[in-house]
file structure-v2.cif (mmCIF, C-alpha atoms and all ligand atoms)
data_final
#
loop_
_atom_site.group_PDB
_atom_site.id
_atom_site.type_symbol
_atom_site.label_atom_id
_atom_site.label_comp_id
_atom_site.auth_asym_id
_atom_site.auth_seq_id
_atom_site.Cartn_x
_atom_site.Cartn_y
_atom_site.Cartn_z
ATOM 1 C CA MET A 25 14.541 -49.716 35.318
ATOM 2 C CA ALA A 26 16.899 -48.823 38.140
ATOM 3 C CA ASP A 27 19.628 -47.871 35.647
ATOM 4 C CA HIS A 28 17.236 -45.739 33.676
ATOM 5 C CA ARG A 29 16.165 -43.845 36.811
ATOM 6 C CA ARG A 30 19.774 -43.271 37.813
ATOM 7 C CA ILE A 31 20.648 -41.817 34.426
ATOM 8 C CA LYS A 32 17.637 -39.501 34.701
ATOM 9 C CA THR A 33 18.762 -38.378 38.168
ATOM 10 C CA VAL A 34 22.318 -37.742 36.976
ATOM 11 C CA VAL A 35 21.080 -35.755 33.987
ATOM 12 C CA PHE A 36 18.746 -33.726 36.219
ATOM 13 C CA PHE A 37 21.541 -33.029 38.724
ATOM 14 C CA THR A 38 24.037 -32.044 36.011
ATOM 15 C CA VAL A 39 21.579 -29.708 34.233
ATOM 16 C CA SER A 40 20.333 -28.061 37.420
ATOM 17 C CA THR A 41 23.914 -27.600 38.705
ATOM 18 C CA ALA A 42 24.958 -26.069 35.392
ATOM 19 C CA PHE A 43 22.264 -23.415 35.815
ATOM 20 C CA LEU A 44 23.862 -22.368 39.117
ATOM 21 C CA PHE A 45 26.958 -21.221 37.211
ATOM 22 C CA LEU A 46 25.174 -19.394 34.413
ATOM 23 C CA PRO A 47 25.239 -15.604 34.729
ATOM 24 C CA ILE A 48 21.758 -14.303 35.482
ATOM 25 C CA PRO A 49 20.717 -11.865 32.754
ATOM 26 C CA PRO A 50 19.629 -8.465 34.047
ATOM 27 C CA PRO A 51 15.919 -7.687 33.579
ATOM 28 C CA LEU A 52 15.115 -5.965 30.267
ATOM 29 C CA SER A 53 14.895 -2.232 30.621
ATOM 30 C CA THR A 54 12.606 -0.237 28.347
ATOM 31 C CA GLU A 55 15.614 0.768 26.190
ATOM 32 C CA GLU A 56 16.534 -2.861 25.655
ATOM 33 C CA LYS A 57 13.159 -4.086 24.422
ATOM 34 C CA VAL A 58 13.264 -6.396 21.453
ATOM 35 C CA ILE A 59 13.230 -4.308 18.274
ATOM 36 C CA PRO A 60 11.897 -5.940 15.122
ATOM 37 C CA PRO A 61 14.137 -5.767 12.068
ATOM 38 C CA ALA A 62 13.720 -2.360 10.408
ATOM 39 C CA TYR A 63 13.545 -3.779 6.901
ATOM 40 C CA GLN A 64 12.554 -7.083 5.367
ATOM 41 C CA GLN A 65 11.896 -8.000 1.789
ATOM 42 C CA LYS A 66 10.041 -10.999 0.436
ATOM 43 C CA THR A 67 9.318 -12.114 -3.114
ATOM 44 C CA TYR A 68 6.176 -14.155 -3.724
ATOM 45 C CA PHE A 69 5.735 -16.395 -6.792
ATOM 46 C CA PRO A 70 9.460 -16.035 -7.635
ATOM 47 C CA GLU A 71 10.745 -16.962 -11.087
ATOM 48 C CA THR A 72 7.270 -16.452 -12.591
ATOM 49 C CA SER A 73 5.756 -13.631 -14.644
ATOM 50 C CA GLN A 74 3.657 -12.790 -11.560
ATOM 51 C CA ALA A 75 6.537 -12.345 -9.076
ATOM 52 C CA VAL A 76 5.619 -9.781 -6.409
ATOM 53 C CA THR A 77 8.236 -8.231 -4.111
ATOM 54 C CA VAL A 78 6.915 -6.880 -0.815
ATOM 55 C CA HIS A 79 8.977 -4.548 1.396
ATOM 56 C CA PHE A 80 8.243 -4.405 5.124
ATOM 57 C CA ILE A 81 9.623 -1.330 6.922
ATOM 58 C CA SER A 82 9.175 -1.027 10.683
ATOM 59 C CA GLY A 83 9.804 1.733 13.156
ATOM 60 C CA SER A 84 11.176 0.983 16.625
ATOM 61 C CA ASP A 85 8.024 2.372 18.267
ATOM 62 C CA LYS A 86 4.495 1.134 17.918
ATOM 63 C CA GLY A 87 2.113 2.815 15.509
ATOM 64 C CA PRO A 88 -0.262 2.274 12.628
ATOM 65 C CA THR A 89 0.512 0.321 9.471
ATOM 66 C CA LEU A 90 0.205 1.912 6.034
ATOM 67 C CA LEU A 91 0.098 -0.359 2.987
ATOM 68 C CA VAL A 92 1.060 1.275 -0.325
ATOM 69 C CA LEU A 93 0.458 -0.597 -3.574
ATOM 70 C CA GLY A 94 1.456 0.368 -7.107
ATOM 71 C CA GLY A 95 1.255 -1.253 -10.521
ATOM 72 C CA ILE A 96 -2.153 -2.926 -10.258
ATOM 73 C CA HIS A 97 -2.543 -1.466 -13.766
ATOM 74 C CA GLY A 98 0.564 -1.983 -15.897
ATOM 75 C CA ASP A 99 0.162 1.151 -18.017
ATOM 76 C CA GLU A 100 0.277 3.533 -15.022
ATOM 77 C CA GLU A 101 4.038 3.933 -14.739
ATOM 78 C CA ALA A 102 4.063 6.749 -12.182
ATOM 79 C CA GLY A 103 2.258 4.485 -9.683
ATOM 80 C CA TYR A 104 4.893 1.795 -9.462
ATOM 81 C CA LEU A 105 7.840 4.171 -9.864
ATOM 82 C CA ALA A 106 6.521 6.356 -7.011
ATOM 83 C CA ALA A 107 5.935 3.375 -4.679
ATOM 84 C CA GLU A 108 9.478 2.126 -5.342
ATOM 85 C CA ARG A 109 10.930 5.425 -4.130
ATOM 86 C CA PHE A 110 9.811 4.560 -0.553
ATOM 87 C CA VAL A 111 11.760 1.302 -0.338
ATOM 88 C CA HIS A 112 14.706 2.947 1.463
ATOM 89 C CA SER A 113 12.580 5.009 3.861
ATOM 90 C CA ARG A 114 13.249 4.821 7.574
ATOM 91 C CA ILE A 115 10.363 5.352 9.944
ATOM 92 C CA ARG A 116 10.324 5.932 13.708
ATOM 93 C CA ASN A 117 6.993 4.327 14.568
ATOM 94 C CA GLY A 118 4.477 2.030 12.971
ATOM 95 C CA ASN A 119 4.972 0.091 9.773
ATOM 96 C CA LEU A 120 5.096 0.737 6.071
ATOM 97 C CA ILE A 121 4.342 -2.158 3.722
ATOM 98 C CA LEU A 122 5.230 -1.490 0.086
ATOM 99 C CA VAL A 123 4.108 -3.456 -2.941
ATOM 100 C CA PRO A 124 5.371 -1.315 -5.827
ATOM 101 C CA ARG A 125 4.615 -3.797 -8.628
ATOM 102 C CA LEU A 126 1.524 -5.801 -7.716
ATOM 103 C CA ASN A 127 0.686 -6.812 -11.284
ATOM 104 C CA ALA A 128 4.090 -7.731 -12.744
ATOM 105 C CA ALA A 129 2.655 -9.385 -15.863
ATOM 106 C CA ALA A 130 0.691 -6.224 -16.755
ATOM 107 C CA ILE A 131 3.714 -3.992 -16.088
ATOM 108 C CA LYS A 132 5.879 -6.136 -18.360
ATOM 109 C CA LYS A 133 3.298 -5.741 -21.148
ATOM 110 C CA ARG A 134 2.866 -2.031 -20.228
ATOM 111 C CA GLN A 135 -0.877 -2.680 -20.397
ATOM 112 C CA ARG A 136 -3.751 -2.196 -17.953
ATOM 113 C CA GLN A 137 -4.489 -5.932 -17.745
ATOM 114 C CA GLY A 138 -2.205 -8.745 -16.693
ATOM 115 C CA LEU A 139 -3.002 -12.442 -17.084
ATOM 116 C CA GLY A 140 -6.529 -12.529 -15.646
ATOM 117 C CA GLY A 141 -8.197 -9.304 -16.803
ATOM 118 C CA ASP A 142 -8.354 -5.994 -14.931
ATOM 119 C CA MET A 143 -6.920 -6.912 -11.525
ATOM 120 C CA ASN A 144 -8.775 -4.034 -9.882
ATOM 121 C CA ARG A 145 -12.055 -5.820 -10.713
ATOM 122 C CA LEU A 146 -11.043 -9.215 -9.264
ATOM 123 C CA PHE A 147 -11.468 -8.591 -5.541
ATOM 124 C CA ASP A 148 -15.077 -9.852 -5.474
ATOM 125 C CA LEU A 149 -14.772 -12.945 -7.662
ATOM 126 C CA PRO A 150 -17.208 -15.694 -6.616
ATOM 127 C CA GLU A 151 -15.558 -18.313 -4.401
ATOM 128 C CA LYS A 152 -16.605 -21.209 -6.643
ATOM 129 C CA THR A 153 -15.004 -19.958 -9.835
ATOM 130 C CA ARG A 154 -12.220 -17.652 -8.677
ATOM 131 C CA HIS A 155 -9.545 -20.360 -8.828
ATOM 132 C CA ARG A 156 -9.917 -20.354 -12.631
ATOM 133 C CA ASN A 157 -8.497 -16.833 -12.779
ATOM 134 C CA PRO A 158 -4.684 -16.883 -13.051
ATOM 135 C CA ASP A 159 -4.439 -13.624 -11.034
ATOM 136 C CA ALA A 160 -6.438 -14.985 -8.061
ATOM 137 C CA LYS A 161 -3.256 -15.917 -6.155
ATOM 138 C CA VAL A 162 -1.893 -12.361 -6.514
ATOM 139 C CA VAL A 163 -5.239 -10.961 -5.351
ATOM 140 C CA ASP A 164 -5.075 -13.318 -2.342
ATOM 141 C CA LEU A 165 -1.605 -11.982 -1.511
ATOM 142 C CA ALA A 166 -2.923 -8.405 -1.665
ATOM 143 C CA LYS A 167 -5.831 -9.411 0.600
ATOM 144 C CA SER A 168 -3.452 -10.916 3.172
ATOM 145 C CA LEU A 169 -1.377 -7.709 3.198
ATOM 146 C CA ILE A 170 -4.506 -5.575 3.565
ATOM 147 C CA GLN A 171 -5.273 -7.621 6.680
ATOM 148 C CA GLN A 172 -2.005 -6.407 8.236
ATOM 149 C CA ALA A 173 -2.737 -2.717 7.519
ATOM 150 C CA ASP A 174 -4.717 0.097 9.113
ATOM 151 C CA TYR A 175 -4.570 2.325 6.028
ATOM 152 C CA VAL A 176 -4.382 1.237 2.388
ATOM 153 C CA ILE A 177 -3.304 3.390 -0.560
ATOM 154 C CA ASN A 178 -3.489 2.108 -4.125
ATOM 155 C CA LEU A 179 -1.535 4.278 -6.593
ATOM 156 C CA HIS A 180 -2.901 4.914 -10.098
ATOM 157 C CA GLN A 181 -2.602 7.243 -13.062
ATOM 158 C CA ALA A 182 -5.274 8.454 -15.497
ATOM 159 C CA TYR A 183 -5.786 10.989 -18.281
ATOM 160 C CA ASP A 184 -7.277 14.420 -17.577
ATOM 161 C CA PHE A 185 -8.700 15.701 -14.293
ATOM 162 C CA TYR A 186 -11.575 14.730 -12.031
ATOM 163 C CA ALA A 187 -14.080 17.490 -11.194
ATOM 164 C CA PRO A 188 -17.367 17.018 -9.300
ATOM 165 C CA ARG A 189 -19.236 19.011 -12.003
ATOM 166 C CA TRP A 190 -18.711 19.353 -15.762
ATOM 167 C CA ILE A 191 -16.156 22.084 -16.473
ATOM 168 C CA SER A 192 -14.714 20.895 -19.769
ATOM 169 C CA ARG A 193 -13.992 17.729 -21.744
ATOM 170 C CA GLU A 194 -10.727 17.517 -19.851
ATOM 171 C CA ARG A 195 -12.152 18.271 -16.412
ATOM 172 C CA ASN A 196 -15.380 16.524 -15.412
ATOM 173 C CA PRO A 197 -16.933 13.785 -13.202
ATOM 174 C CA SER A 198 -15.999 10.916 -15.531
ATOM 175 C CA LYS A 199 -12.260 11.729 -15.391
ATOM 176 C CA TRP A 200 -9.910 10.429 -12.706
ATOM 177 C CA GLY A 201 -6.706 12.512 -12.696
ATOM 178 C CA GLN A 202 -5.548 14.314 -9.522
ATOM 179 C CA CYS A 203 -7.987 12.895 -7.014
ATOM 180 C CA ASN A 204 -8.172 10.730 -3.918
ATOM 181 C CA VAL A 205 -10.872 8.170 -4.651
ATOM 182 C CA ILE A 206 -13.059 6.847 -1.843
ATOM 183 C CA ASP A 207 -15.943 4.379 -2.013
ATOM 184 C CA THR A 208 -17.958 6.255 0.603
ATOM 185 C CA PRO A 209 -17.171 9.107 3.030
ATOM 186 C CA THR A 210 -18.479 7.213 6.081
ATOM 187 C CA TYR A 211 -18.774 3.445 6.458
ATOM 188 C CA HIS A 212 -20.975 2.163 9.274
ATOM 189 C CA LEU A 213 -19.965 -1.075 10.958
ATOM 190 C CA ARG A 214 -22.493 -3.517 12.423
ATOM 191 C CA ASN A 215 -21.241 -2.913 15.961
ATOM 192 C CA GLY A 216 -22.157 0.781 15.720
ATOM 193 C CA ASP A 217 -18.624 2.019 15.010
ATOM 194 C CA LYS A 218 -17.851 3.873 11.816
ATOM 195 C CA LEU A 219 -14.889 4.400 9.520
ATOM 196 C CA GLU A 220 -14.263 7.778 7.890
ATOM 197 C CA PRO A 221 -12.363 7.329 4.601
ATOM 198 C CA GLY A 222 -13.806 10.686 3.491
ATOM 199 C CA GLY A 223 -12.209 12.595 6.351
ATOM 200 C CA PHE A 224 -8.866 10.880 5.796
ATOM 201 C CA ALA A 225 -8.980 11.533 2.020
ATOM 202 C CA GLN A 226 -9.807 15.225 2.590
ATOM 203 C CA LYS A 227 -6.990 15.697 5.079
ATOM 204 C CA VAL A 228 -4.485 13.941 2.797
ATOM 205 C CA ALA A 229 -5.651 16.146 -0.114
ATOM 206 C CA ARG A 230 -5.287 19.273 2.036
ATOM 207 C CA ARG A 231 -1.728 18.354 3.058
ATOM 208 C CA SER A 232 -0.872 17.489 -0.567
ATOM 209 C CA ASN A 233 -2.282 20.735 -1.943
ATOM 210 C CA GLU A 234 -0.154 22.810 0.426
ATOM 211 C CA ARG A 235 2.800 21.441 -1.566
ATOM 212 C CA ILE A 236 1.270 21.727 -5.065
ATOM 213 C CA LYS A 237 1.638 25.301 -6.269
ATOM 214 C CA LYS A 238 -0.312 25.014 -9.545
ATOM 215 C CA LYS A 239 -3.953 25.157 -8.530
ATOM 216 C CA SER A 240 -5.075 23.227 -11.616
ATOM 217 C CA TYR A 241 -3.066 20.209 -10.374
ATOM 218 C CA GLN A 242 -4.375 20.167 -6.819
ATOM 219 C CA PHE A 243 -6.117 17.041 -5.539
ATOM 220 C CA LEU A 244 -9.873 16.706 -5.039
ATOM 221 C CA VAL A 245 -11.749 13.908 -3.291
ATOM 222 C CA ASN A 246 -13.765 11.707 -5.631
ATOM 223 C CA ASN A 247 -16.495 9.718 -3.878
ATOM 224 C CA THR A 248 -17.598 6.881 -6.176
ATOM 225 C CA ASN A 249 -20.374 5.925 -3.732
ATOM 226 C CA THR A 250 -19.620 2.360 -4.814
ATOM 227 C CA GLY A 251 -22.139 0.530 -2.632
ATOM 228 C CA GLY A 252 -24.977 3.043 -3.134
ATOM 229 C CA PRO A 253 -28.043 2.267 -5.277
ATOM 230 C CA LYS A 254 -27.409 5.229 -7.623
ATOM 231 C CA THR A 255 -23.665 4.749 -8.054
ATOM 232 C CA ARG A 256 -22.072 5.668 -11.393
ATOM 233 C CA HIS A 257 -19.347 3.170 -10.584
ATOM 234 C CA LYS A 258 -20.781 -0.321 -10.018
ATOM 235 C CA GLU A 259 -17.568 -1.733 -11.485
ATOM 236 C CA GLN A 260 -15.704 -0.510 -8.395
ATOM 237 C CA LYS A 261 -17.357 -3.264 -6.324
ATOM 238 C CA GLY A 262 -14.549 -5.500 -7.557
ATOM 239 C CA SER A 263 -11.841 -3.016 -6.612
ATOM 240 C CA LEU A 264 -9.082 -3.384 -4.052
ATOM 241 C CA THR A 265 -10.236 -0.391 -2.009
ATOM 242 C CA TYR A 266 -13.893 -1.485 -1.852
ATOM 243 C CA TYR A 267 -12.755 -4.916 -0.655
ATOM 244 C CA ALA A 268 -10.421 -3.348 1.944
ATOM 245 C CA LEU A 269 -13.209 -1.126 3.282
ATOM 246 C CA THR A 270 -16.186 -3.490 3.237
ATOM 247 C CA LYS A 271 -14.561 -6.863 3.968
ATOM 248 C CA GLN A 272 -11.654 -5.877 6.187
ATOM 249 C CA HIS A 273 -12.819 -2.511 7.503
ATOM 250 C CA LYS A 274 -9.696 -0.567 6.576
ATOM 251 C CA ILE A 275 -9.432 3.079 5.537
ATOM 252 C CA ALA A 276 -8.626 2.724 1.842
ATOM 253 C CA LEU A 277 -7.910 5.285 -0.889
ATOM 254 C CA ALA A 278 -7.006 5.069 -4.535
ATOM 255 C CA VAL A 279 -4.747 8.000 -5.404
ATOM 256 C CA GLU A 280 -4.853 8.997 -9.077
ATOM 257 C CA ALA A 281 -2.190 11.218 -10.634
ATOM 258 C CA THR A 282 -2.952 12.747 -14.014
ATOM 259 C CA LYS A 283 -1.222 11.590 -17.191
ATOM 260 C CA ASN A 284 -1.475 15.173 -18.525
ATOM 261 C CA CYS A 285 1.996 16.077 -17.268
ATOM 262 C CA SER A 286 5.550 14.751 -17.440
ATOM 263 C CA LEU A 287 6.365 11.429 -15.792
ATOM 264 C CA PRO A 288 8.578 13.070 -13.091
ATOM 265 C CA GLU A 289 5.704 15.446 -12.264
ATOM 266 C CA ALA A 290 3.230 12.556 -11.936
ATOM 267 C CA ILE A 291 5.690 10.662 -9.708
ATOM 268 C CA ALA A 292 6.095 13.833 -7.603
ATOM 269 C CA PHE A 293 2.292 14.111 -7.167
ATOM 270 C CA LEU A 294 2.038 10.513 -5.958
ATOM 271 C CA THR A 295 5.088 10.928 -3.707
ATOM 272 C CA ILE A 296 3.428 13.998 -2.175
ATOM 273 C CA ALA A 297 0.229 11.987 -1.624
ATOM 274 C CA VAL A 298 2.028 9.110 0.131
ATOM 275 C CA ASN A 299 4.123 11.496 2.253
ATOM 276 C CA SER A 300 0.900 13.293 3.222
ATOM 277 C CA ALA A 301 -0.825 10.001 4.075
ATOM 278 C CA LEU A 302 2.101 8.973 6.299
ATOM 279 C CA GLU A 303 1.875 12.303 8.122
ATOM 280 C CA GLU A 304 -1.907 12.074 8.451
ATOM 281 C CA ALA A 305 -1.685 8.483 9.754
ATOM 282 C CA GLY A 306 0.827 9.667 12.381
ATOM 283 C CA ILE A 307 3.751 7.613 11.048
ATOM 284 C CA GLN A 308 6.898 9.639 11.665
ATOM 285 C CA SER A 309 9.855 9.200 9.372
ATOM 286 C CA ASP A 310 13.546 10.039 9.304
ATOM 287 C CA THR A 311 13.997 9.745 5.557
ATOM 288 C CA LEU A 312 11.388 10.062 2.860
ATOM 289 C CA PRO A 313 11.830 10.491 -0.887
ATOM 290 C CA THR A 314 12.101 14.036 -2.185
ATOM 291 C CA GLU A 315 9.111 15.675 -3.881
ATOM 292 C CA ASP A 316 11.418 17.743 -6.139
ATOM 293 C CA VAL A 317 10.498 17.172 -9.801
ATOM 294 C CA LEU A 318 14.028 17.904 -11.098
ATOM 295 C CA VAL A 319 15.599 15.377 -8.726
ATOM 296 C CA ILE A 320 12.950 12.789 -9.676
ATOM 297 C CA GLY A 321 13.729 13.413 -13.364
ATOM 298 C CA ARG A 322 17.419 12.723 -12.710
ATOM 299 C CA GLU A 323 16.536 9.559 -10.733
ATOM 300 C CA ILE A 324 14.521 8.208 -13.683
ATOM 301 C CA ASN A 325 17.357 8.867 -16.131
ATOM 302 C CA THR A 326 19.854 7.137 -13.835
ATOM 303 C CA GLY A 327 17.454 4.186 -13.458
ATOM 304 C CA LYS A 328 17.085 3.900 -17.242
ATOM 305 C CA LYS A 329 20.870 3.939 -17.738
ATOM 306 C CA LYS A 330 21.263 1.257 -15.045
ATOM 307 C CA SER A 331 18.599 -1.000 -16.549
ATOM 308 C CA LYS A 332 20.337 -0.797 -19.951
ATOM 309 C CA THR A 333 23.639 -2.118 -18.601
HETATM 310 ZN ZN ZN B 401 -5.419 2.441 -12.452
#

call {"tool": "encode", "arguments": {"input": "structure-v2.cif", "output": "structure tokens", "more": "lines below"}}
Ligand SMILES: [Zn+2]
result
Amino acid sequence: MADHRRIKTVVFFTVSTAFLFLPIPPPLSTEEKVIPPAYQQKTYFPETSQAVTVHFISGSDKGPTLLVLGGIHGDEEAGYLAAERFVHSRIRNGNLILVPRLNAAAIKKRQRQGLGGDMNRLFDLPEKTRHRNPDAKVVDLAKSLIQQADYVINLHQAYDFYAPRWISRERNPSKWGQCNVIDTPTYHLRNGDKLEPGGFAQKVARRSNERIKKKSYQFLVNNTNTGGPKTRHKEQKGSLTYYALTKQHKIALAVEATKNCSLPEAIAFLTIAVNSALEEAGIQSDTLPTEDVLVIGREINTGKKKSKT
């Protein structure tokens, strides 16, 4: 016992004496605050057909978090190609989380559906049976990322053009091209607060349209009124945005570019929408992808050449 105590005393004396000779670090000034890494990348479900790479980009100052997802539907190429263009962005404040290819199996097949059906209808699967769906784990990943975000943007592509009233077969309420889709303009929370996806969608559309010269390609806001009794879009109750709004109380938009244009043009429209959303959310950036259609066209050609080698 006595020996044991003596060892303890010696160890205590040695350690405490050692501290006397350590240089005392100066107190952290505001310039020296701990800065999180500006960029991190993580791949979930690696080496499988459902591998999902997520890019986390952080600014050195605090701010909101914008989550951008692409490729939930594998036949909407502009969505995942546009999201990928933000991977090298640098932002000053807040965070940008990018999931360019959420539904890798669908993208590989170049089809809307992946392994478990339309992934944008799987966000309300019943708890008891959801594990039977092979895409449930990918949906769970998306849900966990939504939890980290303040704003959520899901990028899509569709034929023709949305219009609130019938104008033509190409331009009417059942079409989806060139619109920011919201589930409701105002969402009331139980505590009396409210979220305004409608206001955000309008402001993003306004910023986007300042950069889109052709009036026929300007963005409109499409309110699907998903939770309402007279909705035309009951199917949207299983969507990513409806889940984000109603279960996690996040401002969520689906942005739809038309397929009635070239691929570089569609990518430019979605790039404009994401750039506008960043601005509207108050996330300042040093570098963002160009909105120039010719440059985007060259990027795609270079990417194709690279993927062939
Ligand atoms: Zn879609």

call {"tool": "residues_near_ligand", "arguments": {"input": "structure-v2.cif", "ligand": "ligand ZN 401 (chain B)", "cutoff": "6 Å", "atoms": "only C-alpha atoms and all ligand atoms", "output": "list of chain:residue names"}}
result
A:His97, A:His180, A:Gln181

call {"tool": "closest_atom_pairs", "arguments": {"input": "structure-v2.cif", "of": "stretch 242-292 of chain A", "to": "stretch 86-91 of chain A", "cutoff": "12 Å", "atoms": "only C-alpha atoms", "output": "tab-separated table"}}
result
residue	atom	partner	partner_atom	distance
A:Leu264	CA	A:Leu91	CA	12.0
A:Thr265	CA	A:Leu91	CA	11.5
A:Ala268	CA	A:Leu91	CA	11.0
A:Lys274	CA	A:Leu90	CA	10.2
A:Ile275	CA	A:Leu90	CA	9.7
A:Ala276	CA	A:Leu91	CA	9.3
A:Leu277	CA	A:Leu91	CA	10.5
A:Ala278	CA	A:Leu91	CA	11.7

call {"tool": "resolve_selection", "arguments": {"input": "structure-v2.cif", "expression": "the PyMOL selection byres (((chain A and resi 120-125) around 9) and not hetatm)", "output": "CSV table (one decimal) with C-alpha atoms, in the coordinates of the input"}}
result
chain,number,residue,atom,x,y,z
A,75,ALA,CA,6.5,-12.3,-9.1
A,76,VAL,CA,5.6,-9.8,-6.4
A,77,THR,CA,8.2,-8.2,-4.1
A,78,VAL,CA,6.9,-6.9,-0.8
A,79,HIS,CA,9.0,-4.5,1.4
A,80,PHE,CA,8.2,-4.4,5.1
A,81,ILE,CA,9.6,-1.3,6.9
A,82,SER,CA,9.2,-1.0,10.7
A,83,GLY,CA,9.8,1.7,13.2
A,88,PRO,CA,-0.3,2.3,12.6
A,89,THR,CA,0.5,0.3,9.5
A,90,LEU,CA,0.2,1.9,6.0
A,91,LEU,CA,0.1,-0.4,3.0
A,92,VAL,CA,1.1,1.3,-0.3
A,93,LEU,CA,0.5,-0.6,-3.6
A,94,GLY,CA,1.5,0.4,-7.1
A,95,GLY,CA,1.3,-1.3,-10.5
A,96,ILE,CA,-2.2,-2.9,-10.3
A,98,GLY,CA,0.6,-2.0,-15.9
A,103,GLY,CA,2.3,4.5,-9.7
A,104,TYR,CA,4.9,1.8,-9.5
A,105,LEU,CA,7.8,4.2,-9.9
A,106,ALA,CA,6.5,6.4,-7.0
A,107,ALA,CA,5.9,3.4,-4.7
A,108,GLU,CA,9.5,2.1,-5.3
A,109,ARG,CA,10.9,5.4,-4.1
A,110,PHE,CA,9.8,4.6,-0.6
A,111,VAL,CA,11.8,1.3,-0.3
A,113,SER,CA,12.6,5.0,3.9
A,115,ILE,CA,10.4,5.4,9.9
A,118,GLY,CA,4.5,2.0,13.0
A,119,ASN,CA,5.0,0.1,9.8
A,126,LEU,CA,1.5,-5.8,-7.7
A,127,ASN,CA,0.7,-6.8,-11.3
A,128,ALA,CA,4.1,-7.7,-12.7
A,131,ILE,CA,3.7,-4.0,-16.1
A,166,ALA,CA,-2.9,-8.4,-1.7
A,169,LEU,CA,-1.4,-7.7,3.2
A,172,GLN,CA,-2.0,-6.4,8.2
A,173,ALA,CA,-2.7,-2.7,7.5
A,179,LEU,CA,-1.5,4.3,-6.6
A,302,LEU,CA,2.1,9.0,6.3
A,307,ILE,CA,3.8,7.6,11.0

call {"tool": "axis_aligned_box", "arguments": {"input": "structure-v2.cif", "around": "stretch 136-142 of chain A", "padding_each_side": "8 Å", "output": "AutoDock Vina command-line options"}}
result
--center_x -5.3 --center_y -7.4 --center_z -16.4 --size_x 22.1 --size_y 26.3 --size_z 19.0

call {"tool": "atom_distance", "arguments": {"input": "structure-v2.cif", "atom1": "atom CA of A:Lys218", "atom2": "atom CA of A:Pro150"}}
result
26.9 Å

call {"tool": "closest_atom_pairs", "arguments": {"input": "structure-v2.cif", "of": "stretch 237-309 of chain A", "to": "stretch 189-195 of chain A", "cutoff": "12 Å", "atoms": "all atoms listed in the file", "output": "Markdown table"}}
result
| residue | atom | partner | partner_atom | distance |
| --- | --- | --- | --- | --- |
| A:Ser240 | CA | A:Arg195 | CA | 9.9 |
| A:Tyr241 | CA | A:Arg195 | CA | 11.1 |
| A:Leu244 | CA | A:Arg195 | CA | 11.7 |
| A:Asn246 | CA | A:Arg189 | CA | 11.1 |
| A:Thr282 | CA | A:Glu194 | CA | 10.8 |
| A:Lys283 | CA | A:Glu194 | CA | 11.5 |
| A:Asn284 | CA | A:Glu194 | CA | 9.6 |

call {"tool": "residues_around", "arguments": {"input": "structure-v2.cif", "residues": "A:Asp148", "least_positions_apart": "3", "cutoff": "8 Å", "atoms": "only C-alpha atoms", "output": "list in words"}}
result
Arg145, Lys261, Gly262, Ser263 and Tyr267 of chain A

call {"tool": "closest_residue", "arguments": {"input": "structure-v2.cif", "among": "A:Ile236, A:Leu269, A:Val245, A:Leu165", "to": "A:Glu289", "atoms": "only C-alpha atoms"}}
result
A:Ile236

call {"tool": "closest_residue", "arguments": {"input": "structure-v2.cif", "among": "A:Leu287, A:Val205, A:Asp310, A:Gln226", "to": "A:Asn325", "atoms": "all atoms listed in the file"}}
result
A:Leu287

call {"tool": "residues_around", "arguments": {"input": "structure-v2.cif", "residues": "A:Asn233", "least_positions_apart": "6", "cutoff": "10 Å", "atoms": "all atoms listed in the file", "output": "list in words"}}
result
Lys227, Lys239, Tyr241, Gln242, Phe243, Leu244, Phe293, Ile296, Ala297 and Ser300 of chain A

call {"tool": "closest_residue", "arguments": {"input": "structure-v2.cif", "among": "A:Glu234, A:Asp85, A:Asp207, A:Asp174", "to": "A:Gln272", "atoms": "all atoms listed in the file"}}
result
A:Asp174

call {"tool": "resolve_selection", "arguments": {"input": "structure-v2.cif", "expression": "the PyMOL selection byres (((chain A and resi 213) around 12) and not hetatm)", "output": "number ranges by chain"}}
result
A: 210-212, 214-220, 269-274

call {"tool": "write_last_selection", "arguments": {"input": "structure-v2.cif", "atoms": "C-alpha atoms", "output": "compact mmCIF listing (two decimals), in the coordinates of the input"}}
result
# COMPACT_ATOMS: atom_id res chain seq x y z
CA THR A 210 -18.48 7.21 6.08
CA TYR A 211 -18.77 3.44 6.46
CA HIS A 212 -20.98 2.16 9.27
CA ARG A 214 -22.49 -3.52 12.42
CA ASN A 215 -21.24 -2.91 15.96
CA GLY A 216 -22.16 0.78 15.72
CA ASP A 217 -18.62 2.02 15.01
CA LYS A 218 -17.85 3.87 11.82
CA LEU A 219 -14.89 4.40 9.52
CA GLU A 220 -14.26 7.78 7.89
CA LEU A 269 -13.21 -1.13 3.28
CA THR A 270 -16.19 -3.49 3.24
CA LYS A 271 -14.56 -6.86 3.97
CA GLN A 272 -11.65 -5.88 6.19
CA HIS A 273 -12.82 -2.51 7.50
CA LYS A 274 -9.70 -0.57 6.58

call {"tool": "atom_distance", "arguments": {"input": "structure-v2.cif", "atom1": "atom CA of A:Lys132", "atom2": "atom CA of A:Ser73"}}
result
8.4 Å

call {"tool": "atom_distance", "arguments": {"input": "structure-v2.cif", "atom1": "atom CA of A:Ala102", "atom2": "atom CA of A:Ala290"}}
result
5.9 Å

call {"tool": "resolve_selection", "arguments": {"input": "structure-v2.cif", "expression": "the PyMOL selection byres (((chain A and resi 250) around 8) and not hetatm)", "output": "PyMOL selection string"}}
result
chain A and resi 207-208+248-249+251-252+255-258+260-261+266

call {"tool": "closest_residue", "arguments": {"input": "structure-v2.cif", "among": "A:Asn204, A:Tyr175, A:Gly223, A:Leu146", "to": "A:Ala187", "atoms": "only C-alpha atoms"}}
result
A:Asn204
